[in-house]
Every structure is written in structure tokens, then in C-alpha cells.
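Source file: upload18.cif (mmCIF, N, CA and C atoms)
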data_final
#
loop_
_atom_site.label_atom_id
_atom_site.label_comp_id
_atom_site.auth_asym_id
_atom_site.auth_seq_id
_atom_site.Cartn_x
_atom_site.Cartn_y
_atom_site.Cartn_z
N MET Q 13 -65.53 1.98 39.97
CA MET Q 13 -64.98 2.81 38.94
C MET Q 13 -63.85 2.06 38.22
N THR Q 14 -63.86 2.03 36.95
CA THR Q 14 -62.83 1.33 36.18
C THR Q 14 -61.72 2.30 35.82
N SER Q 15 -60.53 1.78 35.83
CA SER Q 15 -59.40 2.64 35.46
C SER Q 15 -59.14 2.52 33.96
N VAL Q 16 -58.86 3.63 33.38
CA VAL Q 16 -58.59 3.68 31.95
C VAL Q 16 -57.13 4.09 31.78
N ARG Q 17 -56.39 3.28 31.06
CA ARG Q 17 -54.99 3.60 30.80
C ARG Q 17 -54.88 4.32 29.48
N LYS Q 18 -54.07 5.31 29.46
CA LYS Q 18 -53.85 6.06 28.22
C LYS Q 18 -52.97 5.23 27.29
N GLN Q 19 -53.33 5.24 26.05
CA GLN Q 19 -52.51 4.60 25.04
C GLN Q 19 -51.39 5.56 24.65
N SER Q 20 -50.19 5.08 24.68
CA SER Q 20 -49.06 5.91 24.31
C SER Q 20 -49.04 6.08 22.80
N SER Q 21 -48.90 7.30 22.34
CA SER Q 21 -48.92 7.55 20.91
C SER Q 21 -47.52 7.46 20.29
N ARG Q 22 -46.50 7.48 21.12
CA ARG Q 22 -45.17 7.39 20.53
C ARG Q 22 -44.72 5.94 20.45
N PRO Q 23 -43.95 5.61 19.43
CA PRO Q 23 -43.51 4.22 19.25
C PRO Q 23 -42.48 3.82 20.30
N LYS Q 24 -42.40 2.53 20.53
CA LYS Q 24 -41.45 2.00 21.50
C LYS Q 24 -40.03 2.20 20.99
N HIS Q 25 -39.14 2.57 21.90
CA HIS Q 25 -37.74 2.80 21.54
C HIS Q 25 -37.06 1.48 21.19
N VAL Q 26 -36.38 1.45 20.04
CA VAL Q 26 -35.63 0.28 19.61
C VAL Q 26 -34.16 0.67 19.59
N PRO Q 27 -33.32 0.05 20.42
CA PRO Q 27 -31.89 0.39 20.43
C PRO Q 27 -31.24 0.11 19.08
N GLN Q 28 -30.42 1.01 18.62
CA GLN Q 28 -29.73 0.88 17.34
C GLN Q 28 -28.23 0.69 17.60
N ARG Q 29 -27.59 -0.14 16.80
CA ARG Q 29 -26.15 -0.35 16.89
C ARG Q 29 -25.58 -0.37 15.47
N THR Q 30 -24.27 -0.14 15.36
CA THR Q 30 -23.59 -0.12 14.07
C THR Q 30 -22.75 -1.38 13.92
N CYS Q 31 -22.89 -2.04 12.78
CA CYS Q 31 -22.07 -3.21 12.45
C CYS Q 31 -20.67 -2.71 12.10
N ILE Q 32 -19.64 -3.33 12.67
CA ILE Q 32 -18.28 -2.88 12.37
C ILE Q 32 -17.77 -3.43 11.04
N GLY Q 33 -18.51 -4.36 10.43
CA GLY Q 33 -18.11 -4.91 9.14
C GLY Q 33 -18.58 -4.06 7.98
N CYS Q 34 -19.87 -3.72 7.97
CA CYS Q 34 -20.45 -2.97 6.85
C CYS Q 34 -20.81 -1.53 7.22
N ARG Q 35 -20.71 -1.17 8.49
CA ARG Q 35 -21.00 0.17 9.01
C ARG Q 35 -22.46 0.58 8.87
N GLU Q 36 -23.36 -0.38 8.76
CA GLU Q 36 -24.80 -0.09 8.69
C GLU Q 36 -25.38 -0.05 10.09
N ILE Q 37 -26.31 0.87 10.31
CA ILE Q 37 -27.00 0.97 11.60
C ILE Q 37 -28.25 0.10 11.52
N ARG Q 38 -28.37 -0.80 12.48
CA ARG Q 38 -29.50 -1.74 12.52
C ARG Q 38 -30.01 -1.86 13.95
N PRO Q 39 -31.21 -2.42 14.11
CA PRO Q 39 -31.69 -2.70 15.47
C PRO Q 39 -30.75 -3.69 16.17
N LYS Q 40 -30.56 -3.46 17.44
CA LYS Q 40 -29.63 -4.27 18.23
C LYS Q 40 -29.94 -5.76 18.14
N ARG Q 41 -31.20 -6.12 18.11
CA ARG Q 41 -31.61 -7.53 18.08
C ARG Q 41 -31.21 -8.25 16.79
N GLU Q 42 -30.94 -7.50 15.72
CA GLU Q 42 -30.57 -8.11 14.44
C GLU Q 42 -29.07 -8.39 14.34
N LEU Q 43 -28.30 -7.92 15.31
CA LEU Q 43 -26.85 -8.05 15.27
C LEU Q 43 -26.35 -9.03 16.31
N ILE Q 44 -25.11 -9.47 16.14
CA ILE Q 44 -24.47 -10.39 17.08
C ILE Q 44 -23.41 -9.61 17.84
N ARG Q 45 -23.43 -9.71 19.16
CA ARG Q 45 -22.48 -8.97 19.99
C ARG Q 45 -21.26 -9.82 20.27
N ILE Q 46 -20.10 -9.19 20.14
CA ILE Q 46 -18.83 -9.82 20.48
C ILE Q 46 -18.26 -9.00 21.63
N VAL Q 47 -17.78 -9.67 22.65
CA VAL Q 47 -17.35 -8.98 23.85
C VAL Q 47 -15.93 -9.40 24.25
N ARG Q 48 -15.17 -8.44 24.74
CA ARG Q 48 -13.83 -8.71 25.27
C ARG Q 48 -13.98 -8.94 26.77
N THR Q 49 -13.59 -10.12 27.22
CA THR Q 49 -13.64 -10.45 28.64
C THR Q 49 -12.22 -10.73 29.13
N GLU Q 50 -12.10 -11.03 30.39
CA GLU Q 50 -10.79 -11.36 30.95
C GLU Q 50 -10.23 -12.64 30.35
N SER Q 51 -11.11 -13.54 29.93
CA SER Q 51 -10.66 -14.82 29.36
C SER Q 51 -10.43 -14.75 27.85
N GLY Q 52 -10.74 -13.63 27.23
CA GLY Q 52 -10.53 -13.48 25.79
C GLY Q 52 -11.75 -12.89 25.10
N VAL Q 53 -11.80 -13.05 23.80
CA VAL Q 53 -12.90 -12.52 22.99
C VAL Q 53 -13.94 -13.62 22.84
N GLU Q 54 -15.20 -13.29 23.15
CA GLU Q 54 -16.28 -14.28 23.10
C GLU Q 54 -17.49 -13.72 22.37
N ILE Q 55 -18.34 -14.62 21.90
CA ILE Q 55 -19.62 -14.23 21.32
C ILE Q 55 -20.63 -14.18 22.45
N ASP Q 56 -21.32 -13.06 22.55
CA ASP Q 56 -22.28 -12.85 23.63
C ASP Q 56 -23.69 -13.06 23.07
N THR Q 57 -24.24 -14.24 23.28
CA THR Q 57 -25.56 -14.54 22.76
C THR Q 57 -26.67 -13.85 23.54
N THR Q 58 -26.43 -13.55 24.81
CA THR Q 58 -27.45 -12.90 25.63
C THR Q 58 -27.43 -11.39 25.47
N GLY Q 59 -26.29 -10.83 25.09
CA GLY Q 59 -26.16 -9.38 24.97
C GLY Q 59 -26.00 -8.69 26.30
N LYS Q 60 -25.70 -9.45 27.35
CA LYS Q 60 -25.63 -8.88 28.69
C LYS Q 60 -24.32 -9.14 29.42
N LYS Q 61 -23.37 -9.78 28.76
CA LYS Q 61 -22.09 -10.03 29.43
C LYS Q 61 -21.37 -8.72 29.67
N SER Q 62 -20.64 -8.67 30.77
CA SER Q 62 -19.89 -7.45 31.05
C SER Q 62 -18.59 -7.48 30.25
N GLY Q 63 -18.15 -6.32 29.86
CA GLY Q 63 -16.93 -6.19 29.08
C GLY Q 63 -17.18 -5.30 27.88
N ARG Q 64 -16.13 -4.91 27.22
CA ARG Q 64 -16.24 -4.05 26.05
C ARG Q 64 -16.79 -4.87 24.90
N GLY Q 65 -17.82 -4.37 24.25
CA GLY Q 65 -18.46 -5.12 23.18
C GLY Q 65 -18.56 -4.36 21.89
N THR Q 66 -18.84 -5.10 20.83
CA THR Q 66 -19.06 -4.54 19.51
C THR Q 66 -20.05 -5.45 18.79
N TYR Q 67 -20.56 -5.00 17.65
CA TYR Q 67 -21.62 -5.72 16.97
C TYR Q 67 -21.28 -6.01 15.51
N LEU Q 68 -21.77 -7.16 15.03
CA LEU Q 68 -21.62 -7.57 13.64
C LEU Q 68 -22.93 -8.13 13.12
N CYS Q 69 -23.18 -7.94 11.82
CA CYS Q 69 -24.36 -8.51 11.17
C CYS Q 69 -24.24 -10.03 11.14
N LYS Q 70 -25.31 -10.67 10.77
CA LYS Q 70 -25.33 -12.13 10.69
C LYS Q 70 -24.96 -12.63 9.30
N THR Q 71 -24.04 -11.92 8.63
CA THR Q 71 -23.59 -12.33 7.29
C THR Q 71 -22.10 -12.61 7.31
N LYS Q 72 -21.68 -13.56 6.50
CA LYS Q 72 -20.27 -13.92 6.45
C LYS Q 72 -19.42 -12.78 5.94
N SER Q 73 -19.93 -11.99 5.02
CA SER Q 73 -19.13 -10.90 4.45
C SER Q 73 -18.74 -9.88 5.52
N CYS Q 74 -19.65 -9.56 6.42
CA CYS Q 74 -19.33 -8.62 7.50
C CYS Q 74 -18.29 -9.21 8.45
N TRP Q 75 -18.43 -10.48 8.77
CA TRP Q 75 -17.47 -11.13 9.67
C TRP Q 75 -16.10 -11.20 9.03
N ASP Q 76 -16.05 -11.56 7.73
CA ASP Q 76 -14.76 -11.63 7.03
C ASP Q 76 -14.09 -10.26 7.00
N ALA Q 77 -14.86 -9.22 6.72
CA ALA Q 77 -14.30 -7.87 6.67
C ALA Q 77 -13.77 -7.44 8.04
N ALA Q 78 -14.51 -7.75 9.08
CA ALA Q 78 -14.11 -7.35 10.43
C ALA Q 78 -12.85 -8.08 10.88
N LEU Q 79 -12.75 -9.36 10.56
CA LEU Q 79 -11.58 -10.13 10.97
C LEU Q 79 -10.36 -9.84 10.10
N LYS Q 80 -10.58 -9.66 8.81
CA LYS Q 80 -9.47 -9.45 7.89
C LYS Q 80 -8.85 -8.06 8.05
N LYS Q 81 -9.68 -7.04 8.17
CA LYS Q 81 -9.19 -5.67 8.24
C LYS Q 81 -8.90 -5.20 9.66
N GLU Q 82 -9.00 -6.09 10.62
CA GLU Q 82 -8.74 -5.82 12.02
C GLU Q 82 -9.65 -4.74 12.61
N HIS Q 83 -10.86 -4.64 12.09
CA HIS Q 83 -11.84 -3.73 12.69
C HIS Q 83 -12.19 -4.21 14.10
N LEU Q 84 -12.18 -5.52 14.27
CA LEU Q 84 -12.53 -6.11 15.57
C LEU Q 84 -11.51 -5.69 16.65
N ASP Q 85 -10.23 -5.73 16.31
CA ASP Q 85 -9.19 -5.32 17.26
C ASP Q 85 -9.37 -3.86 17.68
N ARG Q 86 -9.66 -3.02 16.72
CA ARG Q 86 -9.82 -1.59 17.00
C ARG Q 86 -11.07 -1.35 17.85
N ALA Q 87 -12.16 -2.01 17.53
CA ALA Q 87 -13.41 -1.80 18.26
C ALA Q 87 -13.33 -2.31 19.70
N LEU Q 88 -12.64 -3.42 19.90
CA LEU Q 88 -12.53 -3.99 21.24
C LEU Q 88 -11.32 -3.47 22.01
N ARG Q 89 -10.50 -2.68 21.34
CA ARG Q 89 -9.29 -2.11 21.93
C ARG Q 89 -8.39 -3.19 22.53
N THR Q 90 -8.15 -4.21 21.73
CA THR Q 90 -7.30 -5.31 22.14
C THR Q 90 -6.73 -5.98 20.91
N LYS Q 91 -5.78 -6.86 21.10
CA LYS Q 91 -5.23 -7.67 20.02
C LYS Q 91 -5.82 -9.06 20.15
N THR Q 92 -6.61 -9.48 19.16
CA THR Q 92 -7.21 -10.81 19.23
C THR Q 92 -6.15 -11.87 18.99
N THR Q 93 -6.20 -12.91 19.79
CA THR Q 93 -5.23 -14.00 19.67
C THR Q 93 -5.68 -14.97 18.59
N ALA Q 94 -4.79 -15.87 18.22
CA ALA Q 94 -5.11 -16.89 17.22
C ALA Q 94 -6.25 -17.78 17.73
N LYS Q 95 -6.26 -18.05 19.03
CA LYS Q 95 -7.31 -18.87 19.64
C LYS Q 95 -8.67 -18.18 19.51
N ASP Q 96 -8.69 -16.87 19.77
CA ASP Q 96 -9.94 -16.11 19.64
C ASP Q 96 -10.44 -16.11 18.20
N LYS Q 97 -9.53 -15.88 17.26
CA LYS Q 97 -9.91 -15.85 15.84
C LYS Q 97 -10.41 -17.21 15.37
N LYS Q 98 -9.81 -18.28 15.89
CA LYS Q 98 -10.25 -19.63 15.52
C LYS Q 98 -11.67 -19.88 16.02
N GLY Q 99 -11.96 -19.46 17.25
CA GLY Q 99 -13.31 -19.61 17.80
C GLY Q 99 -14.34 -18.81 17.01
N LEU Q 100 -13.98 -17.60 16.62
CA LEU Q 100 -14.89 -16.77 15.83
C LEU Q 100 -15.07 -17.35 14.43
N ALA Q 101 -14.00 -17.91 13.86
CA ALA Q 101 -14.09 -18.52 12.53
C ALA Q 101 -15.03 -19.73 12.54
N LEU Q 102 -15.03 -20.49 13.62
CA LEU Q 102 -15.95 -21.62 13.73
C LEU Q 102 -17.39 -21.14 13.76
N TYR Q 103 -17.62 -20.03 14.44
CA TYR Q 103 -18.98 -19.47 14.48
C TYR Q 103 -19.41 -18.97 13.11
N VAL Q 104 -18.47 -18.38 12.37
CA VAL Q 104 -18.78 -17.86 11.03
C VAL Q 104 -19.24 -18.98 10.10
N GLU Q 105 -18.67 -20.16 10.27
CA GLU Q 105 -19.04 -21.29 9.42
C GLU Q 105 -20.51 -21.68 9.58
N MET Q 106 -21.10 -21.38 10.73
CA MET Q 106 -22.50 -21.73 10.97
C MET Q 106 -23.47 -20.68 10.40
N LEU Q 107 -22.96 -19.52 10.00
CA LEU Q 107 -23.82 -18.46 9.49
C LEU Q 107 -24.29 -18.78 8.08
N PRO Q 108 -25.47 -18.24 7.70
CA PRO Q 108 -25.97 -18.49 6.33
C PRO Q 108 -25.18 -17.73 5.29
#
C-alpha cells encoding of this file:
Amino acid sequence: MTSVRKQSSRPKHVPQRTCIGCREIRPKRELIRIVRTESGVEIDTTGKKSGRGTYLCKTKSCWDAALKKEHLDRALRTKTTAKDKKGLALYVEMLP
């Protein structure tokens, strides 16, 4: 006897997150996660680091808005240091 699996009629769940730069809701995979860790603020490429995180689009305008208007500090509930901002600024230079 062969087993028949039912095809699910509902679509697969796609996690949604909000960009703190432009406030648009997008699929989680389209955004870049920034996380506050004990060592400072880091970019989380895996999306699995522990710590308080927030998301930004892959555009320079969103990153500039988040860094300039201190949205990042509010979202991470911390004060970003000059070292953290310098590291994030280097990453922004690589964005299209």
C-alpha cells in the first residue's frame, strides 16, 4: 500500500520584520539584522545571534536615516559608541 501525503493548501509562513530606517514591513530574509551583544553592536549575518536585534533594508538611505536620527539607539535600547558606528559605516559603504 502506498502512502499519499496531503498537499497543504495554505501558503508557507514568511516571517515579516519592519525596517527601522524606512518603516516598511518586508520579509525577514530581505533585511539585515543588527544585534546588541555584550561586546557591542554587530551585524548579524546569520540572523541567529543572541541579543536584542533590529532590522534595516539593504539600502544606504535606510542606514543613513537610522544612524543619523538615532533610530538604532532607540531600537537596541543602548547608546552606540563611536567604534560601533564606524564599523556600521564601513558596512554601509559596501551596500549598493
Target residues per the PyMOL selection byres ((chain Q and resi 60-75) around 7), formatted as a PyMOL selection string: chain Q and resi 29-34+42-50+56-59+76-80+87-88+104+107-108
Using the selection just defined, write its residues with N, CA and C atoms as a short mmCIF file (atom, residue, chain, number, x, y, z; two decimals), in the coordinates of the input.
data_model
loop_
_atom_site.label_atom_id
_atom_site.label_comp_id
_atom_site.auth_asym_id
_atom_site.auth_seq_id
_atom_site.Cartn_x
_atom_site.Cartn_y
_atom_site.Cartn_z
N ARG Q 29 -27.59 -0.14 16.80
CA ARG Q 29 -26.15 -0.35 16.89
C ARG Q 29 -25.58 -0.37 15.47
N THR Q 30 -24.27 -0.14 15.36
CA THR Q 30 -23.59 -0.12 14.07
C THR Q 30 -22.75 -1.38 13.92
N CYS Q 31 -22.89 -2.04 12.78
CA CYS Q 31 -22.07 -3.21 12.45
C CYS Q 31 -20.67 -2.71 12.10
N ILE Q 32 -19.64 -3.33 12.67
CA ILE Q 32 -18.28 -2.88 12.37
C ILE Q 32 -17.77 -3.43 11.04
N GLY Q 33 -18.51 -4.36 10.43
CA GLY Q 33 -18.11 -4.91 9.14
C GLY Q 33 -18.58 -4.06 7.98
N CYS Q 34 -19.87 -3.72 7.97
CA CYS Q 34 -20.45 -2.97 6.85
C CYS Q 34 -20.81 -1.53 7.22
N GLU Q 42 -30.94 -7.50 15.72
CA GLU Q 42 -30.57 -8.11 14.44
C GLU Q 42 -29.07 -8.39 14.34
N LEU Q 43 -28.30 -7.92 15.31
CA LEU Q 43 -26.85 -8.05 15.27
C LEU Q 43 -26.35 -9.03 16.31
N ILE Q 44 -25.11 -9.47 16.14
CA ILE Q 44 -24.47 -10.39 17.08
C ILE Q 44 -23.41 -9.61 17.84
N ARG Q 45 -23.43 -9.71 19.16
CA ARG Q 45 -22.48 -8.97 19.99
C ARG Q 45 -21.26 -9.82 20.27
N ILE Q 46 -20.10 -9.19 20.14
CA ILE Q 46 -18.83 -9.82 20.48
C ILE Q 46 -18.26 -9.00 21.63
N VAL Q 47 -17.78 -9.67 22.65
CA VAL Q 47 -17.35 -8.98 23.85
C VAL Q 47 -15.93 -9.40 24.25
N ARG Q 48 -15.17 -8.44 24.74
CA ARG Q 48 -13.83 -8.71 25.27
C ARG Q 48 -13.98 -8.94 26.77
N THR Q 49 -13.59 -10.12 27.22
CA THR Q 49 -13.64 -10.45 28.64
C THR Q 49 -12.22 -10.73 29.13
N GLU Q 50 -12.10 -11.03 30.39
CA GLU Q 50 -10.79 -11.36 30.95
C GLU Q 50 -10.23 -12.64 30.35
N ASP Q 56 -21.32 -13.06 22.55
CA ASP Q 56 -22.28 -12.85 23.63
C ASP Q 56 -23.69 -13.06 23.07
N THR Q 57 -24.24 -14.24 23.28
CA THR Q 57 -25.56 -14.54 22.76
C THR Q 57 -26.67 -13.85 23.54
N THR Q 58 -26.43 -13.55 24.81
CA THR Q 58 -27.45 -12.90 25.63
C THR Q 58 -27.43 -11.39 25.47
N GLY Q 59 -26.29 -10.83 25.09
CA GLY Q 59 -26.16 -9.38 24.97
C GLY Q 59 -26.00 -8.69 26.30
N ASP Q 76 -16.05 -11.56 7.73
CA ASP Q 76 -14.76 -11.63 7.03
C ASP Q 76 -14.09 -10.26 7.00
N ALA Q 77 -14.86 -9.22 6.72
CA ALA Q 77 -14.30 -7.87 6.67
C ALA Q 77 -13.77 -7.44 8.04
N ALA Q 78 -14.51 -7.75 9.08
CA ALA Q 78 -14.11 -7.35 10.43
C ALA Q 78 -12.85 -8.08 10.88
N LEU Q 79 -12.75 -9.36 10.56
CA LEU Q 79 -11.58 -10.13 10.97
C LEU Q 79 -10.36 -9.84 10.10
N LYS Q 80 -10.58 -9.66 8.81
CA LYS Q 80 -9.47 -9.45 7.89
C LYS Q 80 -8.85 -8.06 8.05
N ALA Q 87 -12.16 -2.01 17.53
CA ALA Q 87 -13.41 -1.80 18.26
C ALA Q 87 -13.33 -2.31 19.70
N LEU Q 88 -12.64 -3.42 19.90
CA LEU Q 88 -12.53 -3.99 21.24
C LEU Q 88 -11.32 -3.47 22.01
N VAL Q 104 -18.47 -18.38 12.37
CA VAL Q 104 -18.78 -17.86 11.03
C VAL Q 104 -19.24 -18.98 10.10
N LEU Q 107 -22.96 -19.52 10.00
CA LEU Q 107 -23.82 -18.46 9.49
C LEU Q 107 -24.29 -18.78 8.08
N PRO Q 108 -25.47 -18.24 7.70
CA PRO Q 108 -25.97 -18.49 6.33
C PRO Q 108 -25.18 -17.73 5.29
#
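Our summary of the geometry notes that CA of Val26 in chain Q is positioned 26.3 Å from CA of Val53 in chain Q.
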Any chance you could work out the residue set of the PyMOL selection byres (((chain Q and resi 96 and name CA) around 12) and name CA) here, as an NGL selection string? :Q and (46-49 or 51-55 or 79 or 84-85 or 90-95 or 97-103)
In Å, how far is it from atom C of Lys24 in chain Q to atom N of Arg89 in chain Q?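 Atom-to-atom, atom C of Lys24 in chain Q to atom N of Arg89 in chain Q, that is 29.9 Å.
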By how many Å are atom C of Pro27 in chain Q and atom C of Pro39 in chain Q apart?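 Distance between the two atoms: 4.8 Å.
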Using the chain letters and numbers from this document, which residues of range 14-108 of chain Q does DSSP assign to alpha helix (DSSP H), as an mmCIF file with N, CA and C atoms, keeping the file's coordinate frame?
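Final output, selection02.cif:
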data_model
loop_
_atom_site.group_PDB
_atom_site.id
_atom_site.type_symbol
_atom_site.label_atom_id
_atom_site.label_comp_id
_atom_site.auth_asym_id
_atom_site.auth_seq_id
_atom_site.Cartn_x
_atom_site.Cartn_y
_atom_site.Cartn_z
ATOM 1 N N LYS Q 72 -21.680 -13.560 6.500
ATOM 2 C CA LYS Q 72 -20.270 -13.920 6.450
ATOM 3 C C LYS Q 72 -19.420 -12.780 5.940
ATOM 4 N N SER Q 73 -19.930 -11.990 5.020
ATOM 5 C CA SER Q 73 -19.130 -10.900 4.450
ATOM 6 C C SER Q 73 -18.740 -9.880 5.520
ATOM 7 N N CYS Q 74 -19.650 -9.560 6.420
ATOM 8 C CA CYS Q 74 -19.330 -8.620 7.500
ATOM 9 C C CYS Q 74 -18.290 -9.210 8.450
ATOM 10 N N TRP Q 75 -18.430 -10.480 8.770
ATOM 11 C CA TRP Q 75 -17.470 -11.130 9.670
ATOM 12 C C TRP Q 75 -16.100 -11.200 9.030
ATOM 13 N N ASP Q 76 -16.050 -11.560 7.730
ATOM 14 C CA ASP Q 76 -14.760 -11.630 7.030
ATOM 15 C C ASP Q 76 -14.090 -10.260 7.000
ATOM 16 N N ALA Q 77 -14.860 -9.220 6.720
ATOM 17 C CA ALA Q 77 -14.300 -7.870 6.670
ATOM 18 C C ALA Q 77 -13.770 -7.440 8.040
ATOM 19 N N ALA Q 78 -14.510 -7.750 9.080
ATOM 20 C CA ALA Q 78 -14.110 -7.350 10.430
ATOM 21 C C ALA Q 78 -12.850 -8.080 10.880
ATOM 22 N N LEU Q 79 -12.750 -9.360 10.560
ATOM 23 C CA LEU Q 79 -11.580 -10.130 10.970
ATOM 24 C C LEU Q 79 -10.360 -9.840 10.100
ATOM 25 N N LYS Q 80 -10.580 -9.660 8.810
ATOM 26 C CA LYS Q 80 -9.470 -9.450 7.890
ATOM 27 C C LYS Q 80 -8.850 -8.060 8.050
ATOM 28 N N HIS Q 83 -10.860 -4.640 12.090
ATOM 29 C CA HIS Q 83 -11.840 -3.730 12.690
ATOM 30 C C HIS Q 83 -12.190 -4.210 14.100
ATOM 31 N N LEU Q 84 -12.180 -5.520 14.270
ATOM 32 C CA LEU Q 84 -12.530 -6.110 15.570
ATOM 33 C C LEU Q 84 -11.510 -5.690 16.650
ATOM 34 N N ASP Q 85 -10.230 -5.730 16.310
ATOM 35 C CA ASP Q 85 -9.190 -5.320 17.260
ATOM 36 C C ASP Q 85 -9.370 -3.860 17.680
ATOM 37 N N ARG Q 86 -9.660 -3.020 16.720
ATOM 38 C CA ARG Q 86 -9.820 -1.590 17.000
ATOM 39 C C ARG Q 86 -11.070 -1.350 17.850
ATOM 40 N N ALA Q 87 -12.160 -2.010 17.530
ATOM 41 C CA ALA Q 87 -13.410 -1.800 18.260
ATOM 42 C C ALA Q 87 -13.330 -2.310 19.700
ATOM 43 N N LEU Q 88 -12.640 -3.420 19.900
ATOM 44 C CA LEU Q 88 -12.530 -3.990 21.240
ATOM 45 C C LEU Q 88 -11.320 -3.470 22.010
ATOM 46 N N ALA Q 94 -4.790 -15.870 18.220
ATOM 47 C CA ALA Q 94 -5.110 -16.890 17.220
ATOM 48 C C ALA Q 94 -6.250 -17.780 17.730
ATOM 49 N N LYS Q 95 -6.260 -18.050 19.030
ATOM 50 C CA LYS Q 95 -7.310 -18.870 19.640
ATOM 51 C C LYS Q 95 -8.670 -18.180 19.510
ATOM 52 N N ASP Q 96 -8.690 -16.870 19.770
ATOM 53 C CA ASP Q 96 -9.940 -16.110 19.640
ATOM 54 C C ASP Q 96 -10.440 -16.110 18.200
ATOM 55 N N LYS Q 97 -9.530 -15.880 17.260
ATOM 56 C CA LYS Q 97 -9.910 -15.850 15.840
ATOM 57 C C LYS Q 97 -10.410 -17.210 15.370
ATOM 58 N N LYS Q 98 -9.810 -18.280 15.890
ATOM 59 C CA LYS Q 98 -10.250 -19.630 15.520
ATOM 60 C C LYS Q 98 -11.670 -19.880 16.020
ATOM 61 N N GLY Q 99 -11.960 -19.460 17.250
ATOM 62 C CA GLY Q 99 -13.310 -19.610 17.800
ATOM 63 C C GLY Q 99 -14.340 -18.810 17.010
ATOM 64 N N LEU Q 100 -13.980 -17.600 16.620
ATOM 65 C CA LEU Q 100 -14.890 -16.770 15.830
ATOM 66 C C LEU Q 100 -15.070 -17.350 14.430
ATOM 67 N N ALA Q 101 -14.000 -17.910 13.860
ATOM 68 C CA ALA Q 101 -14.090 -18.520 12.530
ATOM 69 C C ALA Q 101 -15.030 -19.730 12.540
ATOM 70 N N LEU Q 102 -15.030 -20.490 13.620
ATOM 71 C CA LEU Q 102 -15.950 -21.620 13.730
ATOM 72 C C LEU Q 102 -17.390 -21.140 13.760
ATOM 73 N N TYR Q 103 -17.620 -20.030 14.440
ATOM 74 C CA TYR Q 103 -18.980 -19.470 14.480
ATOM 75 C C TYR Q 103 -19.410 -18.970 13.110
ATOM 76 N N VAL Q 104 -18.470 -18.380 12.370
ATOM 77 C CA VAL Q 104 -18.780 -17.860 11.030
ATOM 78 C C VAL Q 104 -19.240 -18.980 10.100
ATOM 79 N N GLU Q 105 -18.670 -20.160 10.270
ATOM 80 C CA GLU Q 105 -19.040 -21.290 9.420
ATOM 81 C C GLU Q 105 -20.510 -21.680 9.580
#
If I wrap all listed atoms of range 96-100 of chain Q in a box with edges along x, y and z and add 5 Å on each side, what are its centre and edge lengths in Å to one decimal, as JSON?
{"center_x": -11.9, "center_y": -17.9, "center_z": 17.1, "size_x": 16.4, "size_y": 14.0, "size_z": 15.3}
Taking the backbone alone, and naming residues the way the document does, which bits of chain Q are strand (DSSP E) by DSSP, as a PyMOL selection string? chain Q and resi 28-30+37-39+44-49+52-56+64-68
From the coordinates supplied, range 45-78 of chain Q should be written with C-alpha atoms, as an mmCIF file, in the first residue's frame.
data_model
loop_
_atom_site.group_PDB
_atom_site.id
_atom_site.type_symbol
_atom_site.label_atom_id
_atom_site.label_comp_id
_atom_site.auth_asym_id
_atom_site.auth_seq_id
_atom_site.Cartn_x
_atom_site.Cartn_y
_atom_site.Cartn_z
ATOM 1 C CA ARG Q 45 19.805 42.233 11.297
ATOM 2 C CA ILE Q 46 21.814 44.333 13.712
ATOM 3 C CA VAL Q 47 22.223 42.955 17.206
ATOM 4 C CA ARG Q 48 23.362 44.354 20.547
ATOM 5 C CA THR Q 49 25.763 41.942 22.232
ATOM 6 C CA GLU Q 50 27.981 42.177 25.280
ATOM 7 C CA SER Q 51 30.880 43.219 23.048
ATOM 8 C CA GLY Q 52 28.909 45.976 21.294
ATOM 9 C CA VAL Q 53 26.682 46.428 18.258
ATOM 10 C CA GLU Q 54 27.303 43.937 15.447
ATOM 11 C CA ILE Q 55 25.844 42.941 12.099
ATOM 12 C CA ASP Q 56 24.250 39.517 12.363
ATOM 13 C CA THR Q 57 24.629 37.795 9.003
ATOM 14 C CA THR Q 58 23.154 34.514 10.244
ATOM 15 C CA GLY Q 59 20.143 36.075 11.962
ATOM 16 C CA LYS Q 60 20.651 33.765 14.934
ATOM 17 C CA LYS Q 61 22.964 35.602 17.325
ATOM 18 C CA SER Q 62 21.598 36.082 20.792
ATOM 19 C CA GLY Q 63 20.904 39.604 21.926
ATOM 20 C CA ARG Q 64 18.471 42.401 21.200
ATOM 21 C CA GLY Q 65 18.160 42.900 17.468
ATOM 22 C CA THR Q 66 16.642 45.178 14.883
ATOM 23 C CA TYR Q 67 16.402 45.201 11.096
ATOM 24 C CA LEU Q 68 17.392 47.512 8.236
ATOM 25 C CA CYS Q 69 16.885 47.371 4.462
ATOM 26 C CA LYS Q 70 19.843 46.844 2.166
ATOM 27 C CA THR Q 71 19.821 50.494 1.015
ATOM 28 C CA LYS Q 72 22.130 53.292 2.067
ATOM 29 C CA SER Q 73 19.244 55.700 2.641
ATOM 30 C CA CYS Q 74 17.734 53.472 5.345
ATOM 31 C CA TRP Q 75 21.092 53.036 7.057
ATOM 32 C CA ASP Q 76 21.813 56.778 6.940
ATOM 33 C CA ALA Q 77 18.390 57.571 8.403
ATOM 34 C CA ALA Q 78 18.789 55.009 11.175
#
